[in-house]
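Colleague: My structure file target18.cif, mmCIF, C-alpha atoms, is below:
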```cif
data_protein
loop_
_atom_site.label_atom_id
_atom_site.label_comp_id
_atom_site.auth_asym_id
_atom_site.auth_seq_id
_atom_site.Cartn_x
_atom_site.Cartn_y
_atom_site.Cartn_z
CA MET H 877 -3.06 -54.60 29.72
CA LYS H 878 -0.67 -57.03 31.47
CA ASP H 879 2.21 -56.24 33.85
CA SER H 880 5.71 -57.85 33.77
CA THR H 881 4.47 -60.96 35.60
CA GLY H 882 1.76 -61.56 33.05
CA ALA H 883 -1.04 -60.52 35.38
CA LEU H 884 -3.63 -58.01 34.34
CA ALA H 885 -2.70 -54.48 35.47
CA PRO H 886 -5.41 -52.31 37.01
CA ARG H 887 -6.94 -49.81 34.49
CA MET H 888 -6.58 -46.10 35.30
CA VAL H 889 -9.91 -44.34 35.14
CA VAL H 890 -9.77 -40.59 34.32
CA PRO H 891 -12.88 -38.70 35.45
CA LEU H 892 -14.94 -37.18 32.64
CA TRP H 893 -14.57 -33.61 33.93
CA ARG H 894 -10.77 -33.93 33.83
CA ARG H 895 -10.85 -35.16 30.24
CA VAL H 896 -13.08 -32.23 29.21
CA LEU H 897 -10.75 -29.77 30.98
CA LEU H 898 -7.69 -31.28 29.28
CA LEU H 899 -9.30 -30.99 25.84
CA LEU H 900 -10.29 -27.37 26.53
CA LEU H 901 -6.73 -26.44 27.57
CA LEU H 902 -5.30 -28.10 24.47
CA SER H 903 -7.78 -26.20 22.29
CA LEU H 904 -6.89 -22.84 23.86
CA ALA H 905 -3.17 -23.51 23.45
CA SER H 906 -3.67 -24.37 19.77
CA THR H 907 -5.69 -21.18 19.15
CA ALA H 908 -3.12 -18.99 20.88
CA SER H 909 -0.36 -20.54 18.79
CA ALA H 910 -2.28 -19.94 15.55
CA GLN H 911 -2.95 -16.29 16.44
CA GLN H 912 0.66 -15.54 17.39
CA PRO H 913 2.06 -13.46 14.48
CA THR H 914 5.30 -14.45 12.82
CA SER H 915 8.19 -12.03 13.01
CA SER H 916 7.86 -11.16 9.31
CA SER H 917 4.13 -10.38 9.48
CA HIS H 918 4.67 -8.30 12.60
CA ALA H 919 7.43 -6.30 10.86
CA LEU H 920 5.18 -5.79 7.83
CA LYS H 921 2.41 -4.42 10.03
CA GLN H 922 4.85 -2.03 11.66
CA ILE H 923 5.91 -0.66 8.27
CA ILE H 924 2.31 -0.17 7.14
CA ASP H 925 1.39 1.54 10.43
CA ARG H 926 4.44 3.81 10.13
CA ILE H 927 3.47 4.88 6.60
CA GLN H 928 -0.22 5.63 7.31
CA PRO H 929 0.45 9.23 8.51
CA LYS H 930 2.03 9.95 5.10
CA MET H 931 -1.14 8.94 3.26
CA ALA H 932 -4.14 11.14 2.46
CA LYS H 933 -7.73 10.72 1.34
CA VAL H 934 -8.75 13.21 -1.35
CA ILE H 935 -12.43 14.05 -1.74
CA GLY H 936 -13.94 16.14 -4.52
CA ALA H 937 -17.02 16.26 -6.69
CA GLY H 938 -18.45 13.16 -8.36
CA THR H 939 -20.47 13.21 -11.55
CA GLY H 940 -22.21 10.38 -13.37
CA ARG H 941 -19.91 7.37 -13.42
CA VAL H 942 -16.91 9.46 -12.38
CA ASP H 943 -15.91 8.85 -8.77
CA GLY H 944 -15.50 11.90 -6.57
CA TYR H 945 -12.57 10.62 -4.55
CA ALA H 946 -8.97 9.47 -4.79
CA THR H 947 -5.91 8.83 -2.64
CA GLY H 948 -2.93 11.10 -2.05
CA VAL H 949 0.62 11.04 -0.67
CA VAL H 950 2.02 13.77 1.57
CA VAL H 951 5.34 15.07 0.19
CA SER H 952 6.17 17.97 2.52
CA ALA H 953 5.84 18.83 6.19
CA ASP H 954 3.86 21.98 5.38
CA GLY H 955 1.07 20.23 3.48
CA LEU H 956 1.95 19.43 -0.14
CA VAL H 957 -0.09 16.44 -1.32
CA LEU H 958 0.33 14.58 -4.61
CA THR H 959 -2.67 12.89 -6.17
CA THR H 960 -4.01 11.86 -9.55
CA GLN H 961 -5.58 14.23 -12.06
CA GLY H 962 -9.35 13.88 -12.44
CA VAL H 963 -12.73 15.52 -12.88
CA PHE H 964 -13.28 15.26 -9.13
CA LEU H 965 -10.80 18.15 -8.72
CA ASP H 966 -13.01 20.51 -10.74
CA GLY H 967 -15.74 20.87 -8.13
CA PRO H 968 -16.31 23.88 -5.88
CA GLN H 969 -14.27 22.37 -3.04
CA VAL H 970 -11.60 19.70 -2.70
CA LYS H 971 -10.84 18.27 0.75
CA VAL H 972 -7.96 16.24 2.12
CA GLU H 973 -8.38 13.93 5.11
CA LEU H 974 -5.37 12.76 7.12
CA ILE H 975 -4.81 9.92 9.56
CA ASP H 976 -5.46 12.26 12.52
CA GLY H 977 -9.09 12.40 11.36
CA LYS H 978 -8.98 16.09 10.45
CA SER H 979 -10.22 17.41 7.13
CA TYR H 980 -8.55 20.31 5.33
CA PRO H 981 -9.65 22.38 2.31
CA ALA H 982 -7.16 21.96 -0.54
CA THR H 983 -5.87 24.35 -3.18
CA ILE H 984 -4.77 22.96 -6.56
CA LEU H 985 -1.28 24.31 -7.27
CA ARG H 986 -0.37 22.45 -10.44
CA ARG H 987 -1.61 19.79 -12.86
CA ASN H 988 -0.01 17.65 -15.54
CA ARG H 989 -2.46 16.00 -17.91
CA THR H 990 0.23 14.03 -19.71
CA LEU H 991 1.17 12.12 -16.56
CA GLN H 992 -2.26 12.66 -14.92
CA LEU H 993 -0.79 14.29 -11.82
CA ALA H 994 -2.06 17.02 -9.51
CA LEU H 995 -0.31 18.86 -6.67
CA LEU H 996 -2.50 20.07 -3.80
CA LYS H 997 -1.74 22.34 -0.85
CA ILE H 998 -3.35 22.22 2.56
CA VAL H 999 -2.60 24.24 5.70
CA PRO H 1000 -2.22 21.69 8.51
CA HIS H 1001 -2.22 22.55 12.22
CA LYS H 1002 1.14 20.86 12.72
CA LYS H 1003 4.09 19.55 10.74
CA LEU H 1004 3.27 16.39 8.85
CA ASP H 1005 5.09 13.14 8.23
CA PHE H 1006 5.93 12.97 4.55
CA PHE H 1007 7.63 10.96 1.81
CA LEU H 1008 11.04 12.01 0.57
CA LEU H 1009 11.03 12.04 -3.23
CA SER H 1010 14.15 10.44 -4.65
CA GLU H 1011 15.92 11.74 -7.76
CA SER H 1012 16.96 8.19 -8.71
CA PRO H 1013 14.84 5.04 -9.21
CA VAL H 1014 13.66 3.34 -6.03
CA GLY H 1015 13.25 -0.45 -6.14
CA GLN H 1016 14.28 -2.96 -8.77
CA LYS H 1017 12.52 -5.63 -10.80
CA GLY H 1018 11.46 -8.46 -8.49
CA ASP H 1019 11.50 -6.38 -5.30
CA TRP H 1020 8.58 -6.73 -2.91
CA VAL H 1021 6.42 -3.61 -2.62
CA ILE H 1022 3.37 -2.49 -0.64
CA ALA H 1023 0.62 -0.52 -2.37
CA LEU H 1024 -1.44 1.68 -0.03
CA SER H 1025 -4.62 3.36 -1.22
CA ASN H 1026 -8.19 4.26 -0.36
CA ALA H 1027 -9.64 2.05 -3.10
CA PHE H 1028 -13.46 2.06 -3.16
CA LYS H 1029 -13.36 4.75 -0.44
CA VAL H 1030 -13.34 2.12 2.32
CA ALA H 1031 -11.62 4.48 4.77
CA SER H 1032 -12.57 7.93 6.02
CA LYS H 1033 -11.29 10.37 8.63
CA SER H 1034 -8.82 8.52 10.91
CA GLU H 1035 -9.35 5.09 9.39
CA PRO H 1036 -6.20 3.62 7.78
CA VAL H 1037 -6.04 3.08 4.04
CA SER H 1038 -5.80 -0.41 2.58
CA ALA H 1039 -2.52 -2.21 1.89
CA MET H 1040 -1.72 -4.76 -0.80
CA ILE H 1041 1.47 -6.77 -1.33
CA GLY H 1042 3.09 -7.26 -4.73
CA VAL H 1043 6.37 -7.11 -6.63
CA ILE H 1044 7.88 -4.80 -9.23
CA SER H 1045 7.36 -6.46 -12.61
CA LEU H 1046 9.08 -3.99 -14.92
CA ARG H 1047 10.25 -0.43 -15.43
CA THR H 1048 9.17 0.92 -18.80
CA SER H 1049 7.31 3.78 -20.48
CA MET H 1050 3.87 3.97 -22.05
CA GLU H 1051 1.77 6.19 -24.27
CA ALA H 1052 -1.96 5.59 -23.89
CA ARG H 1053 -4.31 7.86 -25.85
CA LEU H 1054 -8.03 8.47 -25.90
CA ASN H 1055 -7.63 9.99 -29.37
CA LYS H 1056 -5.04 12.00 -31.29
CA ARG H 1057 -5.47 15.00 -29.01
CA ASP H 1058 -6.15 13.56 -25.56
CA VAL H 1059 -3.50 11.59 -23.67
CA ALA H 1060 -4.55 9.10 -21.00
CA TYR H 1061 -0.93 8.68 -19.87
CA LYS H 1062 2.44 9.31 -21.48
CA GLY H 1063 5.72 8.79 -19.65
CA PRO H 1064 7.79 6.41 -17.52
CA LEU H 1065 6.11 3.97 -15.18
CA VAL H 1066 6.69 1.07 -12.81
CA LEU H 1067 4.55 -1.98 -13.53
CA ILE H 1068 3.50 -3.90 -10.42
CA ASP H 1069 1.60 -7.17 -10.03
CA ALA H 1070 -0.64 -5.92 -7.20
CA ILE H 1071 -4.19 -5.13 -8.34
CA THR H 1072 -4.27 -1.36 -7.93
CA SER H 1073 -6.52 -0.43 -10.87
CA ASN H 1074 -9.58 0.17 -8.72
CA PRO H 1075 -11.76 3.26 -8.18
CA GLY H 1076 -10.13 5.61 -5.69
CA ALA H 1077 -6.73 3.87 -5.72
CA GLY H 1078 -5.17 6.49 -8.00
CA GLY H 1079 -2.81 8.70 -6.02
CA GLY H 1080 -1.89 5.95 -3.56
CA GLY H 1081 1.67 5.18 -2.53
CA VAL H 1082 3.78 2.21 -3.63
CA ILE H 1083 6.60 1.64 -1.13
CA THR H 1084 9.46 -0.79 -0.58
CA ILE H 1085 9.52 -3.05 2.47
CA ASP H 1086 11.79 -0.42 4.03
CA GLY H 1087 9.12 2.25 3.58
CA ASP H 1088 10.74 4.19 0.72
CA LEU H 1089 8.42 5.60 -1.96
CA VAL H 1090 8.74 3.71 -5.27
CA GLY H 1091 6.04 5.81 -6.91
CA MET H 1092 2.42 6.90 -6.90
CA ILE H 1093 -0.40 4.70 -8.17
CA GLY H 1094 -1.42 6.09 -11.55
CA LYS H 1095 -4.82 7.11 -12.81
CA LEU H 1096 -7.09 4.22 -13.74
CA ILE H 1097 -6.67 3.37 -17.44
CA ASN H 1098 -9.29 1.07 -18.88
CA SER H 1099 -9.42 -0.29 -22.44
CA SER H 1100 -13.01 -0.24 -23.63
CA GLU H 1101 -12.05 -2.63 -26.42
CA THR H 1102 -10.51 -5.39 -24.29
CA ASN H 1103 -11.98 -4.42 -20.90
CA THR H 1104 -8.53 -4.68 -19.29
CA ARG H 1105 -6.66 -2.38 -16.93
CA ILE H 1106 -3.00 -1.78 -16.15
CA ASN H 1107 -1.49 -1.71 -12.65
CA TYR H 1108 1.29 0.86 -12.53
CA ALA H 1109 2.95 3.63 -10.53
CA VAL H 1110 4.44 6.96 -11.62
CA PRO H 1111 8.12 6.75 -10.54
CA ALA H 1112 9.30 8.79 -7.56
CA ALA H 1113 11.92 10.61 -9.66
CA THR H 1114 9.21 11.83 -12.04
CA LEU H 1115 7.08 12.93 -9.09
CA LYS H 1116 10.00 14.97 -7.75
CA GLN H 1117 10.37 16.77 -11.08
CA PHE H 1118 6.67 17.58 -11.05
CA VAL H 1119 6.73 18.90 -7.48
CA ASP H 1120 9.86 20.95 -8.17
CA GLY H 1121 8.20 22.48 -11.24
CA THR H 1122 10.83 21.23 -13.70
CA LEU H 1123 8.54 18.81 -15.55
CA GLU H 1124 6.85 20.25 -18.62
CA ASP H 1125 3.30 19.18 -19.48
CA ALA H 1126 3.79 18.40 -23.15
CA GLN H 1127 0.08 18.02 -23.75
CA SER H 1128 -1.04 21.40 -22.49
CA SER H 1129 1.96 23.60 -23.25
CA SER H 1130 3.30 22.53 -26.64
CA PRO H 1131 2.55 24.67 -29.73
CA ALA H 1132 1.15 21.59 -31.47
CA SER H 1133 -1.53 21.29 -28.80
CA ALA H 1134 -2.68 24.87 -29.38
CA ALA H 1135 -2.87 24.26 -33.12
CA GLU H 1136 -4.87 21.08 -32.59
CA ALA H 1137 -7.28 22.87 -30.29
CA ALA H 1138 -8.09 25.29 -33.11
CA GLN H 1139 -9.08 22.51 -35.51
CA PRO H 1140 -12.75 22.39 -36.57
CA ALA H 1141 -15.17 20.18 -34.71
CA GLY H 1142 -16.27 16.99 -36.41
CA GLU H 1143 -19.47 14.98 -36.61
CA LEU H 1144 -20.34 11.42 -37.63
CA GLY H 1145 -23.87 11.94 -38.95
CA ILE H 1146 -25.43 9.60 -36.39
CA VAL H 1147 -28.91 10.25 -34.98
CA LEU H 1148 -29.83 8.23 -31.89
CA PHE H 1149 -33.11 7.06 -30.41
CA LYS H 1150 -34.05 9.48 -27.59
CA LEU H 1151 -37.52 8.36 -26.58
CA GLY H 1152 -36.47 7.59 -23.01
CA GLY H 1153 -34.07 10.48 -22.56
CA GLY H 1154 -30.30 10.60 -22.11
CA SER H 1155 -30.10 7.45 -19.99
CA ASP H 1156 -31.20 5.14 -22.81
CA PRO H 1157 -28.63 2.90 -24.53
CA ALA H 1158 -27.03 4.55 -27.58
CA TYR H 1159 -28.97 2.87 -30.41
CA ILE H 1160 -28.77 4.38 -33.89
CA ASP H 1161 -32.09 5.65 -35.21
CA ARG H 1162 -30.79 6.78 -38.59
CA VAL H 1163 -27.68 8.12 -40.35
CA ARG H 1164 -27.48 11.29 -42.40
CA ARG H 1165 -26.93 10.95 -46.13
CA GLY H 1166 -23.33 11.57 -47.23
CA SER H 1167 -22.00 11.42 -43.64
CA ALA H 1168 -19.10 9.42 -42.24
CA ALA H 1169 -21.59 6.99 -40.70
CA ALA H 1170 -23.31 6.49 -44.06
CA LYS H 1171 -19.97 5.77 -45.71
CA LEU H 1172 -19.39 2.91 -43.25
CA LYS H 1173 -22.97 1.68 -43.78
CA LEU H 1174 -24.02 1.94 -40.16
CA LYS H 1175 -27.58 0.77 -39.67
CA PRO H 1176 -30.59 1.55 -37.49
CA ASP H 1177 -30.56 -0.51 -34.27
CA ASP H 1178 -26.76 -0.67 -34.21
CA MET H 1179 -25.77 -0.01 -30.58
CA ILE H 1180 -22.70 2.14 -29.95
CA VAL H 1181 -20.40 0.52 -27.39
CA SER H 1182 -17.34 2.75 -27.59
CA LEU H 1183 -16.25 5.96 -29.29
CA ALA H 1184 -12.67 7.30 -29.38
CA GLY H 1185 -11.62 5.00 -26.55
CA LYS H 1186 -14.51 6.03 -24.28
CA GLN H 1187 -17.01 3.46 -23.14
CA ILE H 1188 -20.55 4.40 -24.18
CA GLY H 1189 -23.44 3.21 -22.04
CA SER H 1190 -26.08 5.80 -22.80
CA VAL H 1191 -27.19 8.53 -25.21
CA LYS H 1192 -25.78 11.16 -22.84
CA GLU H 1193 -22.33 9.51 -22.80
CA TYR H 1194 -22.30 9.33 -26.60
CA GLN H 1195 -23.17 13.02 -26.87
CA ALA H 1196 -20.36 13.91 -24.45
CA ALA H 1197 -17.82 11.86 -26.40
CA ALA H 1198 -19.00 13.24 -29.75
CA LYS H 1199 -18.30 16.81 -28.61
CA ASP H 1200 -14.55 16.06 -28.59
CA LEU H 1201 -14.43 14.84 -32.20
CA VAL H 1202 -12.21 16.77 -34.62
CA ALA H 1203 -12.86 16.89 -38.35
CA GLY H 1204 -10.38 14.72 -40.25
CA GLU H 1205 -9.08 12.84 -37.17
CA SER H 1206 -9.95 9.15 -37.36
CA VAL H 1207 -11.21 7.51 -34.18
CA THR H 1208 -12.23 3.99 -33.22
CA LEU H 1209 -15.95 3.23 -33.18
CA ILE H 1210 -17.20 -0.04 -31.71
CA ILE H 1211 -20.80 -1.09 -32.31
CA LYS H 1212 -22.92 -4.10 -31.47
CA ARG H 1213 -25.06 -5.41 -34.32
CA GLY H 1214 -27.20 -8.27 -33.12
CA VAL H 1215 -24.74 -10.57 -31.33
CA GLU H 1216 -21.75 -9.33 -33.36
CA ILE H 1217 -19.23 -6.78 -32.07
CA ILE H 1218 -17.83 -4.66 -34.93
CA ARG H 1219 -14.76 -2.43 -34.63
CA LEU H 1220 -14.47 0.40 -37.17
CA GLN H 1221 -12.23 3.35 -37.95
CA ILE H 1222 -14.36 6.40 -38.67
CA THR H 1223 -13.26 9.87 -39.75
CA PRO H 1224 -15.54 12.72 -38.62
CA ARG H 1225 -16.43 15.40 -41.13
CA GLU H 1226 -16.55 19.09 -40.35
CA THR H 1227 -19.68 20.12 -38.51
CA LYS H 1228 -22.00 22.06 -40.76
CA PRO H 1229 -23.28 25.39 -39.38
#
```
Translate the structure of the given file into structure tokens.

Modeller:
Amino acid sequence: MKDSTGALAPRMVVPLWRRVLLLLLLSLASTASAQQPTSSSHALKQIIDRIQPKMAKVIGAGTGRVDGYATGVVVSADGLVLTTQGVFLDGPQVKVELIDGKSYPATILRRNRTLQLALLKIVPHKKLDFFLLSESPVGQKGDWVIALSNAFKVASKSEPVSAMIGVISLRTSMEARLNKRDVAYKGPLVLIDAITSNPGAGGGGVITIDGDLVGMIGKLINSSETNTRINYAVPAATLKQFVDGTLEDAQSSSPASAAEAAQPAGELGIVLFKLGGGSDPAYIDRVRRGSAAAKLKLKPDDMIVSLAGKQIGSVKEYQAAAKDLVAGESVTLIIKRGVEIIRLQITPRETKP
């Protein structure tokens, strides 16, 4: 380098240790800047932390492929907890864990199998933080929401439940059925684009960015035909009706349901291979002459994939699904024949004594 006179200027020599120190300081400054949260992310964390005491972990009995746990939302200071309806509630004891790490035995006060809801009661040692249930819709299409749940049972005791960000996609209603008698879900719902259809997520809370309860994550609904699931929440207004006792369970209380329950049991005339026991895949060994299966020309070695909307993975699961068949009520039967998947409508005939 030359100075203003044209002569060569002396070169500044920086010691190696100073250059290393300078690089280290620059690196630390860059890391600190990257770890500094933005105001929006900090506010989001505050909301999630504030809501955690209003969340619950519900633990019951598991059986087979049915998970023995779910999530819940606290809806009163004296220990009312809303969760999803499920087999896990039928065990000898149901427990509720709160963010303080304490576990409480729960009593089931009410169920609604049409909306797949359950209301539990615990006796806490102190007044609890809880969600206020609104009588009017909370949140609009396009609003940001936070879905909190104990999906996959990743949290226990005082550990916080997981949070997922999404938006409200649509407010609508749905009727999903397992068969003519059994309803998977029937009623209003809030569709969200967050992936909440995971084991244990049912019963979780969907809130606005202000912390208001939009609804409760619904029971997992899986289509065995398309292998797809729906991400939805039961609206807060519907939850309030259920808690207040003003919501009728159309499935369990209507006269039509009682009449249907008295209908004769049905059978398909299918005999399965049972050499390895109930855990074997549900392969057809033979069909009875004159049966519904014979009418559809089902064949030996056909593997049953689904019956009446229930996924069939073993002989035991087929037998359980077949017990719910009603004579004269058509159901969907999906079989695998070689590499071909065949979907059929089959009408069970009355079980012979």

Colleague: Tell me which of H:Leu1148, H:Pro1075, H:Leu1209, H:Lys933 sits closest to H:Pro1036, counting all atoms listed in the file.

Modeller: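 Between H:Leu1148, H:Pro1075, H:Leu1209, H:Lys933, the residue approaching H:Pro1036 most closely is H:Lys933.
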
Colleague: Identify all residues satisfying the PyMOL selection byres ((chain H and resi 977-992) around 6) in the given file; provide them as a PyMOL selection string.

Modeller: chain H and resi 960-961+970-976+993-998+1033-1034+1059+1061-1062+1125+1127

Colleague: Can you write out the residues you just picked, keeping C-alpha atoms, as a compact mmCIF listing (two decimals), in the frame of the given file?

Modeller:
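Everything below was put into result_12.txt:
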```txt
# COMPACT_ATOMS: atom_id res chain seq x y z
CA THR H 960 -4.01 11.86 -9.55
CA GLN H 961 -5.58 14.23 -12.06
CA VAL H 970 -11.60 19.70 -2.70
CA LYS H 971 -10.84 18.27 0.75
CA VAL H 972 -7.96 16.24 2.12
CA GLU H 973 -8.38 13.93 5.11
CA LEU H 974 -5.37 12.76 7.12
CA ILE H 975 -4.81 9.92 9.56
CA ASP H 976 -5.46 12.26 12.52
CA LEU H 993 -0.79 14.29 -11.82
CA ALA H 994 -2.06 17.02 -9.51
CA LEU H 995 -0.31 18.86 -6.67
CA LEU H 996 -2.50 20.07 -3.80
CA LYS H 997 -1.74 22.34 -0.85
CA ILE H 998 -3.35 22.22 2.56
CA LYS H 1033 -11.29 10.37 8.63
CA SER H 1034 -8.82 8.52 10.91
CA VAL H 1059 -3.50 11.59 -23.67
CA TYR H 1061 -0.93 8.68 -19.87
CA LYS H 1062 2.44 9.31 -21.48
CA ASP H 1125 3.30 19.18 -19.48
CA GLN H 1127 0.08 18.02 -23.75
```

Colleague: If you measure from atom CA of H:Asp1086 to atom CA of H:Ala1023, what distance in Å do you get, rounded to one decimal?

Modeller: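 Distance between the two atoms: 12.9 Å.
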
Colleague: What is the atom CA of H:Ala1168 to atom CA of H:Thr1104 distance in Å?

Modeller: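 Answer for the atom CA of H:Ala1168 to atom CA of H:Thr1104 separation: 28.9 Å.
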
Colleague: Using the chain letters and numbers from the file, which residues does the PyMOL selection byres ((chain H and resi 1226) around 9) grab, as a short mmCIF file (atom, residue, chain, number, x, y, z; two decimals) with C-alpha atoms, keeping the file's coordinate frame?

Modeller:
```
data_model
loop_
_atom_site.label_atom_id
_atom_site.label_comp_id
_atom_site.auth_asym_id
_atom_site.auth_seq_id
_atom_site.Cartn_x
_atom_site.Cartn_y
_atom_site.Cartn_z
CA PRO H 1140 -12.75 22.39 -36.57
CA ALA H 1141 -15.17 20.18 -34.71
CA GLY H 1142 -16.27 16.99 -36.41
CA GLU H 1143 -19.47 14.98 -36.61
CA LEU H 1144 -20.34 11.42 -37.63
CA VAL H 1202 -12.21 16.77 -34.62
CA ALA H 1203 -12.86 16.89 -38.35
CA GLY H 1204 -10.38 14.72 -40.25
CA PRO H 1224 -15.54 12.72 -38.62
CA ARG H 1225 -16.43 15.40 -41.13
CA THR H 1227 -19.68 20.12 -38.51
CA LYS H 1228 -22.00 22.06 -40.76
#
```

Colleague: Could you check which of H:Asp1005, H:Gly948, H:Lys1171, H:Gly1042 is closest to H:Asn1026, using all atoms listed in the file?

Modeller: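 The answer is H:Gly948, which sits nearest to H:Asn1026.
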
Colleague: Evaluated on this file, the PyMOL selection byres ((chain H and resi 1156) around 6) picks out some residues - which ones are they, written as a PyMOL selection string?

Modeller: chain H and resi 1152+1154-1155+1157+1190-1191

Colleague: Which of these, H:Ile1068, H:Ile1083, H:Ala919, H:Leu1123, has the shortest distance to H:Ile1106 once you count all atoms listed in the file?

Modeller: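 Looking at the shortest contact to H:Ile1106, the residue is H:Ile1068.
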
Colleague: What are the centre and edge lengths in Å, to one decimal, of the axis-aligned box around all listed atoms of stretch 1182-1199 of chain H with 4 Å added on each side, as lines of an AutoDock Vina configuration file?

Modeller:
```
center_x = -19.4
center_y = 9.8
center_z = -25.9
size_x = 23.6
size_y = 22.1
size_z = 15.7
```

Colleague: Determine, counting all atoms listed in the file, which protein, DNA and RNA residues have an atom within 7 Å of an atom of H:Ala1169; residues of the same chain fewer than 5 positions away are not included. Present the result as a ChimeraX atom specification.

Modeller: /H:1144-1146,1163,1174

Colleague: Kindly give the distance, in Å, that separates atom CA of H:Thr1114 and atom CA of H:Gly1094, rounded to a single decimal.

Modeller: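 Atom CA of H:Thr1114 sits 12.1 Å away from atom CA of H:Gly1094.
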
Colleague: For each of H:Val1110, H:Val934, H:Ile1044, H:Ala953, take the minimum atom-to-atom distance to H:Gln969, counting only C-alpha atoms, then give the residue where this is smallest.

Modeller: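 Smallest separation from H:Gln969 among the options: H:Val934.
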
Colleague: Identify which of the residues H:Gly1185, H:Asp966, H:Ile1085, H:Gly938 lies closest to H:Arg1219, counting all atoms listed in the file when measuring atom-to-atom distances.

Modeller: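 Going through H:Gly1185, H:Asp966, H:Ile1085, H:Gly938 one by one, the smallest distance to H:Arg1219 is for H:Gly1185.
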
Colleague: Calculated over all atoms listed in the file, which of the candidates H:Val957, H:Ala1196, H:Leu1201, H:Ile935 has the smallest distance to H:Ser1032?

Modeller: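 Among the listed residues, the smallest separation from H:Ser1032 belongs to H:Ile935.
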
Colleague: Could you pull out every residue with an atom within 7 Å of (-19.4, -4.6, -26.1), file coordinates, counting all atoms listed in the file, and send them as a list in words?

Modeller: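 Residues lying no farther than 7 Å from the given point: Val1181, Lys1212 and Ile1217 of chain H.
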
Colleague: Would you save the residues from that selection as a PDB file, in the coordinates of the input, using C-alpha atoms?

Modeller:
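Final file, out-v4.pdb:
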```
ATOM      1  CA  VAL H1181     -20.400   0.520 -27.390  1.00  0.00           C
ATOM      2  CA  LYS H1212     -22.920  -4.100 -31.470  1.00  0.00           C
ATOM      3  CA  ILE H1217     -19.230  -6.780 -32.070  1.00  0.00           C
TER       4      ILE H1217
END
```

Colleague: Select all residues near (-24.2, 6.3, -30.1) (cut-off 6 Å, inclusive, file coordinates), counting only C-alpha atoms, and output them as a ChimeraX atom specification.

Modeller: /H:1158-1159,1180,1194
